[in-house]
Amino acid sequence: MTKRYQAPIVKKAFDILTAISKSGNGLRISDIASDLDISKSTVHGITAALEEQGAVIRDPSSKRYTIGLTLMELGKAAYERVDIIQAARPVMEHLMEQCNESVFLGIRNQDRVTVIDIVESRKDFKISSPIGTPLPLLAGAVGKAFLACMAPADAADYLKAHPIRRFTARTIIDPGAYLEELQTVKSRGYALDDEEYLVGVRAVAVCLSPFFGRQPALWVVGFKAGMSDDQMPRIIDQTLNAARRINRALA
């Protein structure tokens, strides 16, 4: 049997946070020590560290600890992520069945796009990526979709500060040409990648409506043989329809 790693101080910290969160008016150090059978000195050290990180707040007059904004922010972020996935997953599964290509859901995270869910194609040869994978923002269709949501001046400033990396011979690296492409993306409502990020791979991406201040996107990725010129119009329509359905669910 594998021995599980134990971190007593971490467990005590979580026990303290749980006790504080369940209290109506907060807890003093003596209350926490008594309820959890932990020494006052240990409770004092842990709550001081938690307070420094914003996980708990101490009222100067009552000396009671309550849950801090940091935990609220983390909980809100976790809730939003789960809510987006729950709303999008059935639609993503249906879209995959329609086009038989891998369907991704991601959120912009500064200069990266983080994959938060994927429905893989049933094909033997398919495009896949683990959940949590960070992708360069200026790479392929999804990056174009995100930048097309920005004001043209802001997108131009971003490109000045972040030179485009050449991934393949087809990558658009000229800022002027890239900005023109963004205008096309904005006018038609979707972005395309024709072997610009990976050789032999195509993609179509659509930005979803902002959700709690976060910008998600939906995209379909597959090998060029499965996303041929004849098939692309159908896949584009299916992706746009899926995006509309997810937006309605999130609304």
# chains A, B, ... in the order shown; residues from 1 in each chain; ligands from 1
>>> residues_around(residues="Ala225 of chain A", least_positions_apart="6", cutoff="10 Å", atoms="only C-alpha atoms", output="VMD selection string")
chain A and resid 200 to 202 231
>>> closest_atom_pairs(of="segment 120-197 of chain A", to="segment 211-224 of chain A", cutoff="12 Å", atoms="only C-alpha atoms", output="Markdown table")
| residue | atom | partner | partner_atom | distance |
| --- | --- | --- | --- | --- |
| A:Glu120 | CA | A:Val221 | CA | 9.7 |
| A:Ser121 | CA | A:Gly222 | CA | 8.6 |
| A:Arg122 | CA | A:Gly222 | CA | 11.5 |
| A:Lys123 | CA | A:Gly222 | CA | 10.0 |
| A:Asp124 | CA | A:Phe223 | CA | 11.6 |
| A:Phe125 | CA | A:Phe223 | CA | 8.4 |
| A:Lys126 | CA | A:Gly222 | CA | 6.3 |
| A:Ile127 | CA | A:Gly222 | CA | 5.9 |
| A:Ser128 | CA | A:Val221 | CA | 8.6 |
| A:Ser129 | CA | A:Val221 | CA | 10.7 |
| A:Leu137 | CA | A:Ala217 | CA | 11.9 |
| A:Gly140 | CA | A:Val221 | CA | 10.2 |
| A:Ala141 | CA | A:Trp219 | CA | 7.8 |
| A:Val142 | CA | A:Trp219 | CA | 6.7 |
| A:Gly143 | CA | A:Ala217 | CA | 9.5 |
| A:Lys144 | CA | A:Ala217 | CA | 10.7 |
| A:Ala145 | CA | A:Ala217 | CA | 7.7 |
| A:Phe146 | CA | A:Ala217 | CA | 7.6 |
| A:Leu147 | CA | A:Gln215 | CA | 10.9 |
| A:Ala148 | CA | A:Ala217 | CA | 11.9 |
| A:Cys149 | CA | A:Gln215 | CA | 9.4 |
| A:Met150 | CA | A:Gln215 | CA | 11.1 |
| A:Tyr190 | CA | A:Trp219 | CA | 9.5 |
| A:Ala191 | CA | A:Trp219 | CA | 9.1 |
| A:Leu192 | CA | A:Trp219 | CA | 9.5 |
| A:Asp193 | CA | A:Val221 | CA | 9.0 |
| A:Asp194 | CA | A:Lys224 | CA | 8.2 |
| A:Glu195 | CA | A:Lys224 | CA | 8.2 |
| A:Glu196 | CA | A:Lys224 | CA | 11.8 |
| A:Tyr197 | CA | A:Val221 | CA | 11.0 |
>>> select_by_dssp(residues="segment 189-237 of chain A", states="strand (DSSP E)", output="PyMOL selection string")
chain A and resi 191-194+201-207+216-223
>>> select_by_dssp(residues="segment 63-169 of chain A", states="helix (DSSP H, G or I)", output="PyMOL selection string")
chain A and resi 69-99+140-148+152-161
>>> write_last_selection(atoms="N, CA and C atoms", output="CSV table (one decimal), in the first residue's frame")
chain,number,residue,atom,x,y,z
A,69,LEU,N,-11.6,38.0,1.8
A,69,LEU,CA,-12.0,38.2,0.4
A,69,LEU,C,-11.2,37.2,-0.5
A,70,THR,N,-10.0,36.8,-0.1
A,70,THR,CA,-9.2,35.9,-1.0
A,70,THR,C,-10.0,34.6,-1.2
A,71,LEU,N,-10.6,34.0,-0.1
A,71,LEU,CA,-11.3,32.8,-0.3
A,71,LEU,C,-12.6,33.0,-1.1
A,72,MET,N,-13.2,34.2,-0.9
A,72,MET,CA,-14.4,34.5,-1.7
A,72,MET,C,-14.0,34.5,-3.2
A,73,GLU,N,-12.9,35.1,-3.5
A,73,GLU,CA,-12.5,35.2,-4.9
A,73,GLU,C,-12.2,33.9,-5.5
A,74,LEU,N,-11.5,33.0,-4.7
A,74,LEU,CA,-11.2,31.7,-5.2
A,74,LEU,C,-12.4,30.9,-5.4
A,75,GLY,N,-13.4,31.0,-4.4
A,75,GLY,CA,-14.6,30.2,-4.6
A,75,GLY,C,-15.4,30.7,-5.8
A,76,LYS,N,-15.4,32.0,-6.0
A,76,LYS,CA,-16.2,32.6,-7.1
A,76,LYS,C,-15.5,32.1,-8.4
A,77,ALA,N,-14.2,32.1,-8.5
A,77,ALA,CA,-13.5,31.6,-9.7
A,77,ALA,C,-13.8,30.1,-10.0
A,78,ALA,N,-13.8,29.3,-8.9
A,78,ALA,CA,-14.1,27.9,-9.1
A,78,ALA,C,-15.6,27.7,-9.5
A,79,TYR,N,-16.5,28.5,-8.9
A,79,TYR,CA,-17.9,28.3,-9.3
A,79,TYR,C,-18.1,28.7,-10.8
A,80,GLU,N,-17.5,29.8,-11.2
A,80,GLU,CA,-17.7,30.3,-12.5
A,80,GLU,C,-17.1,29.2,-13.5
A,81,ARG,N,-16.0,28.6,-13.2
A,81,ARG,CA,-15.4,27.7,-14.1
A,81,ARG,C,-16.3,26.5,-14.3
A,82,VAL,N,-16.8,25.9,-13.1
A,82,VAL,CA,-17.7,24.8,-13.2
A,82,VAL,C,-19.0,25.1,-13.9
A,83,ASP,N,-19.5,26.3,-13.7
A,83,ASP,CA,-20.8,26.7,-14.3
A,83,ASP,C,-20.6,26.8,-15.8
A,84,ILE,N,-19.5,27.4,-16.3
A,84,ILE,CA,-19.3,27.4,-17.7
A,84,ILE,C,-19.2,26.0,-18.3
A,85,ILE,N,-18.5,25.2,-17.7
A,85,ILE,CA,-18.3,23.8,-18.2
A,85,ILE,C,-19.7,23.1,-18.2
A,86,GLN,N,-20.4,23.2,-17.2
A,86,GLN,CA,-21.7,22.5,-17.1
A,86,GLN,C,-22.7,23.0,-18.2
A,87,ALA,N,-22.6,24.3,-18.5
A,87,ALA,CA,-23.5,24.9,-19.5
A,87,ALA,C,-23.0,24.5,-20.9
A,88,ALA,N,-21.7,24.4,-21.1
A,88,ALA,CA,-21.2,24.1,-22.4
A,88,ALA,C,-21.0,22.6,-22.8
A,89,ARG,N,-20.8,21.8,-21.8
A,89,ARG,CA,-20.5,20.4,-22.1
A,89,ARG,C,-21.5,19.7,-23.0
A,90,PRO,N,-22.8,19.7,-22.7
A,90,PRO,CA,-23.8,19.0,-23.6
A,90,PRO,C,-23.7,19.6,-25.0
A,91,VAL,N,-23.6,20.9,-25.2
A,91,VAL,CA,-23.5,21.5,-26.5
A,91,VAL,C,-22.2,21.0,-27.2
A,92,MET,N,-21.1,21.0,-26.5
A,92,MET,CA,-19.8,20.5,-27.0
A,92,MET,C,-19.9,19.1,-27.5
A,93,GLU,N,-20.6,18.2,-26.7
A,93,GLU,CA,-20.7,16.8,-27.1
A,93,GLU,C,-21.5,16.7,-28.4
A,94,HIS,N,-22.6,17.5,-28.5
A,94,HIS,CA,-23.4,17.4,-29.7
A,94,HIS,C,-22.6,17.9,-30.9
A,95,LEU,N,-21.8,19.0,-30.7
A,95,LEU,CA,-21.0,19.5,-31.8
A,95,LEU,C,-20.0,18.5,-32.2
A,96,MET,N,-19.4,17.8,-31.3
A,96,MET,CA,-18.4,16.8,-31.7
A,96,MET,C,-19.1,15.7,-32.5
A,97,GLU,N,-20.3,15.3,-32.1
A,97,GLU,CA,-21.0,14.3,-32.9
A,97,GLU,C,-21.3,14.7,-34.3
A,98,GLN,N,-21.6,16.0,-34.4
A,98,GLN,CA,-21.9,16.6,-35.7
A,98,GLN,C,-20.7,16.6,-36.7
A,99,CYS,N,-19.6,17.1,-36.2
A,99,CYS,CA,-18.5,17.3,-37.0
A,99,CYS,C,-17.4,16.3,-36.9
A,140,GLY,N,-3.0,30.6,-33.8
A,140,GLY,CA,-4.2,30.0,-34.5
A,140,GLY,C,-5.5,30.7,-34.3
A,141,ALA,N,-6.6,30.0,-34.5
A,141,ALA,CA,-7.9,30.6,-34.5
A,141,ALA,C,-8.4,31.2,-33.2
A,142,VAL,N,-8.1,30.5,-32.1
A,142,VAL,CA,-8.7,31.0,-30.9
A,142,VAL,C,-8.1,32.3,-30.5
A,143,GLY,N,-6.8,32.5,-30.8
A,143,GLY,CA,-6.2,33.8,-30.5
A,143,GLY,C,-6.8,35.0,-31.3
A,144,LYS,N,-7.0,34.7,-32.6
A,144,LYS,CA,-7.7,35.7,-33.4
A,144,LYS,C,-9.1,36.0,-32.9
A,145,ALA,N,-9.8,35.0,-32.4
A,145,ALA,CA,-11.1,35.2,-31.9
A,145,ALA,C,-11.1,36.2,-30.7
A,146,PHE,N,-10.1,35.9,-29.8
A,146,PHE,CA,-10.0,36.8,-28.6
A,146,PHE,C,-9.6,38.2,-29.0
A,147,LEU,N,-8.6,38.3,-29.8
A,147,LEU,CA,-8.2,39.7,-30.2
A,147,LEU,C,-9.2,40.5,-31.0
A,148,ALA,N,-10.0,39.7,-31.7
A,148,ALA,CA,-11.1,40.4,-32.5
A,148,ALA,C,-12.1,41.0,-31.6
A,152,PRO,N,-10.0,47.9,-32.0
A,152,PRO,CA,-8.9,47.8,-32.9
A,152,PRO,C,-7.6,48.5,-32.4
A,153,ALA,N,-7.7,49.6,-31.7
A,153,ALA,CA,-6.5,50.3,-31.2
A,153,ALA,C,-5.9,49.5,-30.1
A,154,ASP,N,-6.7,48.8,-29.3
A,154,ASP,CA,-6.1,48.0,-28.2
A,154,ASP,C,-5.4,46.8,-28.8
A,155,ALA,N,-6.0,46.2,-29.8
A,155,ALA,CA,-5.4,45.0,-30.5
A,155,ALA,C,-4.1,45.4,-31.1
A,156,ALA,N,-4.0,46.6,-31.7
A,156,ALA,CA,-2.8,47.1,-32.4
A,156,ALA,C,-1.7,47.3,-31.3
A,157,ASP,N,-2.1,47.9,-30.2
A,157,ASP,CA,-1.1,48.1,-29.1
A,157,ASP,C,-0.6,46.8,-28.6
A,158,TYR,N,-1.5,45.8,-28.5
A,158,TYR,CA,-1.1,44.5,-28.0
A,158,TYR,C,-0.1,43.8,-28.9
A,159,LEU,N,-0.3,43.9,-30.2
A,159,LEU,CA,0.6,43.4,-31.2
A,159,LEU,C,2.0,44.1,-31.2
A,160,LYS,N,2.0,45.4,-30.9
A,160,LYS,CA,3.2,46.1,-30.8
A,160,LYS,C,4.1,45.6,-29.6
A,161,ALA,N,3.4,45.3,-28.5
A,161,ALA,CA,4.0,44.8,-27.3
A,161,ALA,C,4.4,43.3,-27.3
>>> residues_around(residues="Lys40 of chain A", least_positions_apart="3", cutoff="8 Å", atoms="only C-alpha atoms", output="PyMOL selection string")
chain A and resi 29-30+33+43-44
>>> atom_distance(atom1="atom CA of Asp15 of chain A", atom2="atom CA of Lys63 of chain A")
19.0 Å
>>> atom_distance(atom1="atom CA of Leu208 of chain A", atom2="atom CA of Gly106 of chain A")
9.9 Å
>>> atom_distance(atom1="atom CA of Arg64 of chain A", atom2="atom CA of Ala48 of chain A")
12.5 Å
>>> closest_residue(among="A:Pro210, A:Ile235, A:Gly26, A:Phe167", to="Arg248 of chain A", atoms="only C-alpha atoms")
A:Pro210
>>> residues_around(residues="Ala243 of chain A", least_positions_apart="2", cutoff="8 Å", atoms="only C-alpha atoms", output="CSV table (one decimal) with C-alpha atoms, in the first residue's frame")
chain,number,residue,atom,x,y,z
A,206,VAL,CA,-15.8,31.6,-31.8
A,207,CYS,CA,-15.7,33.9,-28.8
A,208,LEU,CA,-18.5,33.4,-26.3
A,218,LEU,CA,-15.2,27.6,-28.2
A,239,THR,CA,-19.7,25.8,-34.4
A,240,LEU,CA,-21.6,29.2,-34.6
A,241,ASN,CA,-24.8,27.5,-33.7
A,245,ARG,CA,-26.7,27.8,-27.6
A,246,ILE,CA,-23.9,28.1,-25.0
A,247,ASN,CA,-24.5,31.9,-24.8
